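Participant: File name start.tsv; file contents TSV, C-alpha atoms; full text below.
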chain	number	residue	atom	x	y	z
A	1	MET	CA	134.43	84.89	89.38
A	2	GLY	CA	130.71	84.51	90.11
A	3	LEU	CA	129.12	84.55	93.53
A	4	LYS	CA	127.81	81.45	95.28
A	5	ILE	CA	124.20	82.27	96.16
A	6	ALA	CA	121.80	80.24	98.27
A	7	VAL	CA	118.14	81.21	97.91
A	8	GLN	CA	115.97	80.45	100.94
A	9	MET	CA	112.42	80.54	99.60
A	10	ASP	CA	109.15	78.71	99.20
A	11	PRO	CA	108.83	75.76	96.77
A	12	LEU	CA	109.80	76.81	93.25
A	13	HIS	CA	107.04	74.81	91.58
A	14	GLY	CA	104.34	77.01	93.12
A	15	ILE	CA	105.55	80.47	92.12
A	16	ASP	CA	104.08	82.78	89.46
A	17	ILE	CA	107.04	83.32	87.15
A	18	THR	CA	105.35	86.37	85.56
A	19	GLY	CA	105.15	88.24	88.87
A	20	ASP	CA	107.52	86.74	91.44
A	21	SER	CA	110.36	89.05	92.48
A	22	THR	CA	112.55	86.22	93.82
A	23	PHE	CA	112.38	84.56	90.40
A	24	ALA	CA	113.41	87.85	88.78
A	25	LEU	CA	116.39	88.07	91.14
A	26	MET	CA	117.38	84.48	90.32
A	27	LEU	CA	117.17	85.06	86.57
A	28	GLU	CA	119.32	88.18	86.85
A	29	ALA	CA	121.88	86.48	89.12
A	30	GLN	CA	122.20	83.64	86.63
A	31	ARG	CA	122.57	86.09	83.74
A	32	ARG	CA	125.44	87.73	85.62
A	33	GLY	CA	127.30	84.43	85.93
A	34	HIS	CA	126.52	83.64	89.56
A	35	GLN	CA	125.81	80.12	90.85
A	36	LEU	CA	122.42	79.42	92.43
A	37	TRP	CA	121.30	76.91	95.05
A	38	HIS	CA	117.74	76.55	96.34
A	39	TYR	CA	116.50	75.39	99.73
A	40	GLU	CA	113.40	75.72	101.88
A	41	VAL	CA	113.71	77.05	105.41
A	42	GLN	CA	112.85	73.70	107.02
A	43	HIS	CA	115.89	72.18	105.29
A	44	MET	CA	118.26	74.39	107.33
A	45	TRP	CA	119.71	73.49	110.74
A	46	LEU	CA	122.32	74.70	113.21
A	47	ASP	CA	124.85	72.01	114.15
A	48	GLY	CA	127.05	73.41	116.89
A	49	ALA	CA	128.67	76.46	115.34
A	50	SER	CA	127.84	75.48	111.76
A	51	LEU	CA	124.70	76.46	109.89
A	52	LYS	CA	123.89	73.76	107.36
A	53	ALA	CA	121.22	73.21	104.73
A	54	ARG	CA	120.15	70.60	102.22
A	55	VAL	CA	120.41	72.50	98.94
A	56	GLN	CA	119.98	71.78	95.25
A	57	PRO	CA	121.81	73.61	92.49
A	58	VAL	CA	119.21	75.22	90.28
A	59	THR	CA	118.96	76.64	86.78
A	60	VAL	CA	116.03	78.91	86.01
A	61	LYS	CA	114.42	80.09	82.78
A	62	HIS	CA	111.33	82.09	81.87
A	63	GLU	CA	109.38	79.12	80.54
A	64	PRO	CA	105.96	78.28	82.01
A	65	GLY	CA	105.90	74.72	83.28
A	66	GLY	CA	109.64	74.33	82.85
A	67	HIS	CA	111.00	77.30	84.75
A	68	TYR	CA	113.58	75.46	86.86
A	69	THR	CA	115.89	72.47	86.77
A	70	PHE	CA	117.42	71.02	89.92
A	71	GLY	CA	120.73	69.25	90.24
A	72	PRO	CA	121.50	66.60	92.87
A	73	GLU	CA	120.82	67.54	96.47
A	74	LYS	CA	123.71	67.92	98.89
A	75	THR	CA	124.36	69.28	102.38
A	76	VAL	CA	126.43	72.47	102.59
A	77	HIS	CA	127.73	74.80	105.26
A	78	LEU	CA	125.89	78.03	104.50
A	79	GLN	CA	128.85	80.05	105.76
A	80	GLU	CA	130.68	78.82	102.63
A	81	MET	CA	128.19	80.74	100.47
A	82	ASP	CA	128.86	84.34	99.43
A	83	VAL	CA	125.20	85.40	99.69
A	84	VAL	CA	121.98	84.04	101.16
A	85	LEU	CA	118.73	85.56	99.89
A	86	MET	CA	116.12	85.20	102.64
A	87	ARG	CA	112.98	85.27	100.50
A	88	GLN	CA	110.40	82.94	102.04
A	89	ASP	CA	106.99	84.54	102.37
A	90	PRO	CA	105.40	85.32	105.75
A	91	PRO	CA	103.43	84.66	107.98
A	92	PHE	CA	105.98	86.23	110.26
A	93	ASP	CA	105.65	83.63	113.02
A	94	MET	CA	108.08	81.97	115.44
A	95	ALA	CA	109.39	79.73	112.64
A	96	TYR	CA	110.27	82.85	110.63
A	97	ILE	CA	111.83	84.52	113.66
A	98	THR	CA	113.88	81.39	114.45
A	99	ALA	CA	115.21	81.39	110.89
A	100	THR	CA	116.48	84.95	111.37
A	101	HIS	CA	118.29	83.88	114.56
A	102	LEU	CA	119.96	80.99	112.73
A	103	LEU	CA	121.03	83.17	109.80
A	104	GLU	CA	122.66	85.62	112.23
A	105	HIS	CA	125.33	82.93	112.79
A	106	ILE	CA	126.67	83.53	109.26
A	107	HIS	CA	125.91	87.22	108.61
A	108	PRO	CA	127.75	89.41	107.62
A	109	LYS	CA	130.64	87.11	106.65
A	110	THR	CA	128.08	85.51	104.37
A	111	LEU	CA	125.89	88.40	103.28
A	112	VAL	CA	122.25	87.74	104.15
A	113	VAL	CA	119.78	89.95	102.26
A	114	ASN	CA	117.99	91.45	104.07
A	115	ASN	CA	119.97	91.64	107.33
A	116	PRO	CA	118.25	88.92	109.43
A	117	ALA	CA	118.43	90.84	112.73
A	118	ALA	CA	116.84	93.88	111.10
A	119	VAL	CA	114.12	91.75	109.49
A	120	ARG	CA	113.34	90.23	112.87
A	121	ASN	CA	113.20	93.63	114.56
A	122	ALA	CA	111.28	95.36	111.78
A	123	PRO	CA	108.20	93.38	110.74
A	124	GLU	CA	106.39	95.41	108.12
A	125	LYS	CA	103.38	96.48	110.16
A	126	LEU	CA	105.50	97.43	113.20
A	127	LEU	CA	108.48	99.22	111.65
A	128	VAL	CA	106.06	101.68	110.09
A	129	THR	CA	104.76	102.70	113.54
A	130	HIS	CA	108.06	104.49	114.20
A	131	PHE	CA	106.91	107.06	111.63
A	132	PRO	CA	103.49	108.09	113.05
A	133	GLU	CA	103.63	111.45	111.29
A	134	LEU	CA	103.58	109.60	107.96
A	135	MET	CA	100.77	107.15	108.78
A	136	PRO	CA	96.99	107.23	108.86
A	137	PRO	CA	95.49	106.88	112.37
A	138	THR	CA	96.54	103.40	113.49
A	139	LEU	CA	95.94	101.14	116.48
A	140	ILE	CA	97.74	97.93	117.45
A	141	ALA	CA	95.82	96.23	120.21
A	142	TRP	CA	94.41	93.15	121.85
A	143	ASP	CA	91.97	95.20	123.91
A	144	ARG	CA	88.45	95.04	122.51
A	145	GLY	CA	87.43	98.26	124.22
A	146	ALA	CA	90.32	100.14	122.61
A	147	ILE	CA	89.44	98.70	119.20
A	148	LYS	CA	85.77	99.61	119.56
A	149	ASN	CA	86.62	103.14	120.70
A	150	PHE	CA	88.94	103.55	117.69
A	151	ARG	CA	86.05	102.44	115.49
A	152	LYS	CA	83.73	104.97	117.15
A	153	LEU	CA	86.23	107.75	116.51
A	154	HIS	CA	87.01	106.93	112.87
A	155	GLY	CA	83.87	105.09	111.72
A	156	ASP	CA	85.22	103.33	108.64
A	157	ILE	CA	88.17	101.07	109.52
A	158	ILE	CA	90.46	98.35	108.19
A	159	VAL	CA	91.24	95.38	110.46
A	160	LYS	CA	94.18	93.13	109.59
A	161	PRO	CA	96.45	90.53	111.16
A	162	LEU	CA	99.72	92.01	112.34
A	163	PHE	CA	101.98	89.40	110.74
A	164	GLY	CA	100.10	88.27	107.63
A	165	ASN	CA	100.74	88.97	103.96
A	166	GLY	CA	99.08	89.07	100.57
A	167	GLY	CA	95.87	90.69	101.85
A	168	ILE	CA	94.80	87.51	103.68
A	169	GLY	CA	92.57	88.23	106.65
A	170	VAL	CA	92.17	91.94	105.85
A	171	PHE	CA	88.64	93.28	106.47
A	172	ARG	CA	86.98	96.63	105.94
A	173	ILE	CA	84.42	97.38	108.67
A	174	LYS	CA	82.05	100.18	107.61
A	175	PRO	CA	80.25	102.34	110.20
A	176	ASP	CA	77.00	100.34	109.88
A	177	ASP	CA	78.69	96.91	109.86
A	178	GLU	CA	77.57	94.77	112.82
A	179	ASN	CA	80.25	92.10	112.43
A	180	LEU	CA	83.17	93.64	114.32
A	181	GLY	CA	82.48	91.73	117.54
A	182	SER	CA	82.22	88.41	115.72
A	183	LEU	CA	85.36	89.21	113.74
A	184	LEU	CA	87.29	89.90	116.95
A	185	ASP	CA	86.01	86.62	118.41
A	186	MET	CA	87.28	84.76	115.37
A	187	TYR	CA	90.70	86.45	115.36
A	188	PHE	CA	91.42	86.07	119.03
A	189	ALA	CA	90.20	82.47	119.17
A	190	ALA	CA	92.74	81.60	116.47
A	191	SER	CA	95.67	83.80	117.53
A	192	ARG	CA	97.36	85.32	120.56
A	193	GLU	CA	98.68	88.20	118.47
A	194	PRO	CA	97.25	91.74	118.50
A	195	LEU	CA	95.47	93.21	115.53
A	196	MET	CA	96.33	96.25	113.45
A	197	VAL	CA	93.41	98.62	112.95
A	198	GLN	CA	93.65	101.63	110.64
A	199	ARG	CA	91.29	104.34	109.46
A	200	TYR	CA	89.97	103.41	106.03
A	201	GLU	CA	91.42	105.70	103.38
A	202	PRO	CA	89.02	106.22	100.44
A	203	ALA	CA	92.06	107.07	98.30
A	204	VAL	CA	92.69	103.32	98.06
A	205	ARG	CA	90.06	103.18	95.29
A	206	ALA	CA	92.60	105.03	93.13
A	207	GLY	CA	95.29	102.58	94.18
A	208	ASP	CA	97.73	101.45	96.85
A	209	LYS	CA	101.19	102.33	95.57
A	210	ARG	CA	104.09	99.91	96.06
A	211	ILE	CA	107.41	101.79	95.97
A	212	ILE	CA	110.65	99.84	95.74
A	213	LEU	CA	113.62	101.21	97.68
A	214	ILE	CA	117.10	99.79	97.13
A	215	ASP	CA	119.54	100.72	99.88
A	216	GLY	CA	117.08	103.43	100.90
A	217	GLU	CA	116.70	104.97	97.43
A	218	PRO	CA	113.28	104.93	95.71
A	219	LEU	CA	113.91	103.51	92.24
A	220	GLY	CA	110.52	102.35	91.01
A	221	ALA	CA	106.84	102.07	91.79
A	222	VAL	CA	103.68	100.30	90.69
A	223	ASN	CA	100.11	101.29	91.53
A	224	ARG	CA	97.79	98.48	92.64
A	225	VAL	CA	94.07	99.13	92.16
A	226	PRO	CA	91.57	97.00	94.11
A	227	ALA	CA	89.20	94.80	92.20
A	228	GLU	CA	85.56	95.89	92.05
A	229	GLY	CA	83.85	95.02	95.33
A	230	ASP	CA	87.10	94.43	97.25
A	231	SER	CA	88.94	96.84	99.56
A	232	ARG	CA	92.26	94.99	99.18
A	233	SER	CA	94.73	96.11	96.55
A	234	ASN	CA	97.27	93.28	96.94
A	235	MET	CA	98.00	91.57	93.63
A	236	HIS	CA	97.60	88.21	95.41
A	237	ALA	CA	94.05	89.33	96.20
A	238	GLY	CA	93.16	90.43	92.67
A	239	GLY	CA	94.56	93.97	92.65
A	240	ARG	CA	95.34	95.36	89.17
A	241	PRO	CA	98.85	96.75	88.60
A	242	GLU	CA	99.17	100.09	86.80
A	243	LYS	CA	102.03	102.29	85.66
A	244	THR	CA	102.71	105.21	88.00
A	245	THR	CA	105.20	107.86	89.10
A	246	LEU	CA	106.11	109.26	92.52
A	247	THR	CA	104.41	112.34	93.93
A	248	ALA	CA	106.20	114.99	95.99
A	249	ARG	CA	104.59	113.54	99.15
A	250	GLU	CA	105.83	110.05	98.30
A	251	GLN	CA	109.35	111.39	97.74
A	252	GLU	CA	109.09	113.04	101.17
A	253	ILE	CA	108.04	109.74	102.77
A	254	CYS	CA	110.94	107.89	101.14
A	255	ALA	CA	113.44	110.52	102.29
A	256	ALA	CA	112.14	110.28	105.86
A	257	ILE	CA	112.58	106.50	106.15
A	258	ALA	CA	115.74	106.08	104.03
A	259	PRO	CA	118.28	106.65	106.85
A	260	VAL	CA	116.71	103.88	108.95
A	261	LEU	CA	116.63	101.42	106.04
A	262	LYS	CA	120.30	102.08	105.20
A	263	LYS	CA	121.42	101.93	108.83
A	264	GLU	CA	119.69	98.59	109.42
A	265	GLY	CA	120.99	96.88	106.28
A	266	LEU	CA	117.53	96.59	104.71
A	267	LEU	CA	118.81	96.54	101.14
A	268	PHE	CA	115.58	95.61	99.32
A	269	THR	CA	112.34	96.99	100.71
A	270	GLY	CA	108.91	97.81	99.38
A	271	ILE	CA	106.71	100.41	101.01
A	272	ASP	CA	102.96	100.83	100.60
A	273	VAL	CA	101.41	104.29	100.27
A	274	ILE	CA	97.69	105.12	100.08
A	275	GLY	CA	96.98	108.73	99.22
A	276	ASP	CA	99.28	110.77	101.45
A	277	TYR	CA	99.90	108.00	103.98
A	278	LEU	CA	102.55	105.33	104.51
A	279	THR	CA	100.81	102.09	105.58
A	280	GLU	CA	103.53	99.39	105.54
A	281	ILE	CA	107.30	98.91	105.12
A	282	ASN	CA	107.81	95.45	103.63
A	283	VAL	CA	111.19	93.88	104.50
A	284	THR	CA	110.60	90.12	104.34
A	285	SER	CA	109.95	89.28	100.68
A	286	PRO	CA	108.81	92.46	98.92
A	287	THR	CA	107.37	92.18	95.42
A	288	GLY	CA	106.96	94.47	92.42
A	289	LEU	CA	110.17	94.02	90.42
A	290	GLN	CA	108.57	92.36	87.40
A	291	GLN	CA	105.62	94.74	87.23
A	292	ILE	CA	107.95	97.77	87.30
A	293	ALA	CA	110.13	96.19	84.61
A	294	ARG	CA	107.09	95.77	82.34
A	295	PHE	CA	105.71	99.27	82.87
A	296	ASP	CA	108.93	101.29	83.03
A	297	GLY	CA	111.54	99.10	81.33
A	298	VAL	CA	113.71	99.34	84.47
A	299	ASN	CA	115.58	96.24	85.66
A	300	LEU	CA	115.68	96.76	89.42
A	301	ALA	CA	116.89	93.19	89.94
A	302	ALA	CA	120.11	94.27	88.19
A	303	VAL	CA	120.43	97.26	90.54
A	304	ILE	CA	120.05	94.99	93.57
A	305	TRP	CA	122.77	92.66	92.28
A	306	GLN	CA	125.05	95.59	91.51
A	307	LYS	CA	124.74	96.64	95.16
A	308	ILE	CA	125.37	93.10	96.40
A	309	GLU	CA	128.35	92.61	94.09
A	310	ALA	CA	129.88	95.85	95.34
A	311	MET	CA	129.38	94.70	98.94
A	312	ARG	CA	131.09	91.38	98.14
A	313	GLY	CA	133.92	92.98	96.17
A	314	VAL	CA	132.94	91.46	92.82
As a first step, turn the structure in this file into structure tokens.
Facilitator:
Amino acid sequence: MGLKIAVQMDPLHGIDITGDSTFALMLEAQRRGHQLWHYEVQHMWLDGASLKARVQPVTVKHEPGGHYTFGPEKTVHLQEMDVVLMRQDPPFDMAYITATHLLEHIHPKTLVVNNPAAVRNAPEKLLVTHFPELMPPTLIAWDRGAIKNFRKLHGDIIVKPLFGNGGIGVFRIKPDDENLGSLLDMYFAASREPLMVQRYEPAVRAGDKRIILIDGEPLGAVNRVPAEGDSRSNMHAGGRPEKTTLTAREQEICAAIAPVLKKEGLLFTGIDVIGDYLTEINVTSPTGLQQIARFDGVNLAAVIWQKIEAMRGV
């Protein structure tokens, strides 16, 4: 008997089917005989004690321009589903946080992947700060004086929004760059959130490694090399994926964070490592499954579903 799976994600028509990890998970779920429904987060609501959503049954296939087919829309009680995949992309704003609160009404009776309370409490650029011994020098601050002093100490820095994704809004400020003040003006005029500032790691020119951990176990990795003239390695920002393996230091990093990931129910995570340093722990909608499958021939989507099936007794 297959599982009933609701996928909470962004619009299907806009995804890159050659790189999207949610699409890989949907294809694998379908191959395993599970039933899929799709909905966007704004089509979910809490009605008293019942969490409801307007969903559409969906069939997916790896065919550009024809990669999904919807059935008729209907309203369902999400607690009647076996699994909800929470896979909408950040920004990790109050809408995202509210969605995690709503999904807590059905988890764990309906298994939400990842655990919504843990996702809410562990945004990728904050969870990592609990492992300072693994990180490059890092500052999270509103205070301009603190940011400028950090820049004086380290010279070459990266400035990025605390709750963004895909490399958007990430800037490298070199020691002779005169734009930091203007950049801070722009950020703080648009947002009340603090910034993350990190020492620039020259090792990023050789790549920013994305390592996939499933239930705390590192099972695959892809190296992402920044495009010429860009300090960002994100594939959304033009980074080039390359085949890679894990170093002893990376194995050490994974072993250090694994107990926390397992304890918090963060089943599918993707960490970012530059040189010897852990920079992020991605828990919202990590990517990399399709790139690893192409380079290594490893179907990590199948491993994720094996874990979920075991948790649901299938």
Participant: Could you state the separation of atom CA of A:Asn282 and atom CA of A:Lys262 in Å, given to one decimal place?
Facilitator: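 Calculated distance between atom CA of A:Asn282 and atom CA of A:Lys262 is 14.2 Å.
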Participant: Could you state the separation of atom CA of A:Phe131 and atom CA of A:Ala255 in Å, given to one decimal place?
Facilitator: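 Separating atom CA of A:Phe131 from atom CA of A:Ala255 is a distance of 11.9 Å.
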Participant: Counting only C-alpha atoms, figure out which residue out of A:Gln251, A:Ser285, A:Gln198, A:Gln56 gets nearest to A:Met9.
Facilitator: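 So, comparing all the options, the nearest one is A:Ser285.
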Participant: Find the distance between atom CA of A:Asp89 and atom CA of A:Arg144 and write it in Å to one decimal.
Facilitator: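 We find that atom CA of A:Asp89 and atom CA of A:Arg144 lie 29.3 Å from each other.
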Participant: For A:Gln290, please output as a list in words all residues within 10 Å (counting all atoms listed in the file; exclusion window: fewer than 3 positions along the same chain).
Facilitator: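 The residues satisfying every condition are Ile17, Thr18, Gly19, Asp20, Ser21, Thr22, Phe23, Ala24, Leu25, Val222, Thr287, Ala293, Arg294, Phe295, Asp296, Gly297, Val298, Asn299, Leu300 and Ala301 of chain A.
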Participant: Calculated over only C-alpha atoms, which of the candidates A:Val204, A:Ala95, A:Leu162, A:Ile214 has the smallest distance to A:Val128?
Facilitator: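 Closest residue, counting only C-alpha atoms: A:Leu162.
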Participant: Using all atoms of stretch 60-70 of chain A that appear in the file, construct an axis-aligned enclosing box with 5 Å of padding on every side and provide its centre coordinates and edge lengths in Å, rounded to one decimal, as JSON.
Facilitator:
{"center_x": 111.7, "center_y": 76.6, "center_z": 85.2, "size_x": 21.5, "size_y": 21.1, "size_z": 19.4}
Participant: With a distance cut-off of 9 Å and all atoms listed in the file, select the neighbouring residues of A:Leu213, excluding the residue or stretch itself and same-chain residues fewer than 4 positions from it, and output the selection as a ChimeraX atom specification.
Facilitator: /A:217-220,254,258,261,267-271
Participant: Extract, using all atoms listed in the file, all DNA, RNA and protein residues at most 10 Å from A:Leu139, discarding same-chain residues fewer than 4 positions from it, and format them as a PDB file with C-alpha atoms, in the frame of the given file.
Facilitator:
ATOM      1  CA  THR A 129     104.760 102.700 113.540  1.00  0.00           C
ATOM      2  CA  ALA A 146      90.320 100.140 122.610  1.00  0.00           C
ATOM      3  CA  ILE A 147      89.440  98.700 119.200  1.00  0.00           C
ATOM      4  CA  PHE A 150      88.940 103.550 117.690  1.00  0.00           C
ATOM      5  CA  VAL A 159      91.240  95.380 110.460  1.00  0.00           C
ATOM      6  CA  PRO A 194      97.250  91.740 118.500  1.00  0.00           C
ATOM      7  CA  LEU A 195      95.470  93.210 115.530  1.00  0.00           C
ATOM      8  CA  MET A 196      96.330  96.250 113.450  1.00  0.00           C
ATOM      9  CA  VAL A 197      93.410  98.620 112.950  1.00  0.00           C
ATOM     10  CA  GLN A 198      93.650 101.630 110.640  1.00  0.00           C
ATOM     11  CA  ARG A 199      91.290 104.340 109.460  1.00  0.00           C
TER      12      ARG A 199
END
Participant: Here is a test: counting only C-alpha atoms, which residue of A:Lys148, A:Lys125, A:His130, A:His154 is nearest to A:Asn179?
Facilitator: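 Of A:Lys148, A:Lys125, A:His130, A:His154, the one nearest A:Asn179, counting only C-alpha atoms, is A:Lys148.
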Participant: Can you list, as a PDB file with C-alpha atoms, in the coordinates of the input, every protein, DNA or RNA residue that comes within 8 Å of A:Val113 when you count all atoms listed in the file, leaving out same-chain residues fewer than 6 positions away?
Facilitator:
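Final file, out.pdb:
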ATOM      1  CA  VAL A  83     125.200  85.400  99.690  1.00  0.00           C
ATOM      2  CA  VAL A  84     121.980  84.040 101.160  1.00  0.00           C
ATOM      3  CA  LEU A  85     118.730  85.560  99.890  1.00  0.00           C
ATOM      4  CA  MET A  86     116.120  85.200 102.640  1.00  0.00           C
ATOM      5  CA  LEU A 266     117.530  96.590 104.710  1.00  0.00           C
ATOM      6  CA  LEU A 267     118.810  96.540 101.140  1.00  0.00           C
ATOM      7  CA  PHE A 268     115.580  95.610  99.320  1.00  0.00           C
TER       8      PHE A 268
END
Participant: Can you tell me which residues surround A:His13 at a distance of at most 9 Å, considering all atoms listed in the file, apart from same-chain residues fewer than 4 positions away, and format the answer as a PyMOL selection string?
Facilitator: chain A and resi 65+67-68
Participant: Pick out the closest residue to A:Ile211 from this set: A:Ser182, A:Gln306, A:Ser191, A:Gln291. Count only C-alpha atoms.
Facilitator: A:Gln291
Participant: Between A:Glu250, A:Glu63, A:Glu124, A:Glu73, which has the minimum distance to A:Pro90 (counting only C-alpha atoms)?
Facilitator: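 The shortest atom-to-atom distance to A:Pro90 comes from A:Glu124.
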Participant: Residues around (91.9, 106.2, 104.9), cut-off 6 Å, counting all atoms listed in the file - what are they as a PDB file with C-alpha atoms, in the frame of the given file?
Facilitator:
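As written to disk, selection34.pdb reads:
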ATOM      1  CA  ARG A 199      91.290 104.340 109.460  1.00  0.00           C
ATOM      2  CA  TYR A 200      89.970 103.410 106.030  1.00  0.00           C
ATOM      3  CA  GLU A 201      91.420 105.700 103.380  1.00  0.00           C
ATOM      4  CA  PRO A 202      89.020 106.220 100.440  1.00  0.00           C
TER       5      PRO A 202
END
Participant: Nearest to A:Ala117 among A:Val283, A:Leu36, A:Met44, A:Ala53, with distances taken over only C-alpha atoms: which residue is it?
Facilitator: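 Of all the options, A:Val283 lies closest to A:Ala117.
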Participant: Counting all atoms listed in the file, select every polymer residue within 10 Å of (96.0, 88.4, 110.0) as defined in the file's coordinates, and provide the selection as a short mmCIF file (atom, residue, chain, number, x, y, z; two decimals) with C-alpha atoms, keeping the file's coordinate frame.
Facilitator:
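Saved as point.cif:
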data_model
loop_
_atom_site.label_atom_id
_atom_site.label_comp_id
_atom_site.auth_asym_id
_atom_site.auth_seq_id
_atom_site.Cartn_x
_atom_site.Cartn_y
_atom_site.Cartn_z
CA PRO A 91 103.43 84.66 107.98
CA VAL A 159 91.24 95.38 110.46
CA LYS A 160 94.18 93.13 109.59
CA PRO A 161 96.45 90.53 111.16
CA LEU A 162 99.72 92.01 112.34
CA PHE A 163 101.98 89.40 110.74
CA GLY A 164 100.10 88.27 107.63
CA ASN A 165 100.74 88.97 103.96
CA GLY A 166 99.08 89.07 100.57
CA GLY A 167 95.87 90.69 101.85
CA ILE A 168 94.80 87.51 103.68
CA GLY A 169 92.57 88.23 106.65
CA VAL A 170 92.17 91.94 105.85
CA PHE A 171 88.64 93.28 106.47
CA TYR A 187 90.70 86.45 115.36
CA ALA A 190 92.74 81.60 116.47
CA SER A 191 95.67 83.80 117.53
CA GLU A 193 98.68 88.20 118.47
CA PRO A 194 97.25 91.74 118.50
CA LEU A 195 95.47 93.21 115.53
CA MET A 196 96.33 96.25 113.45
#
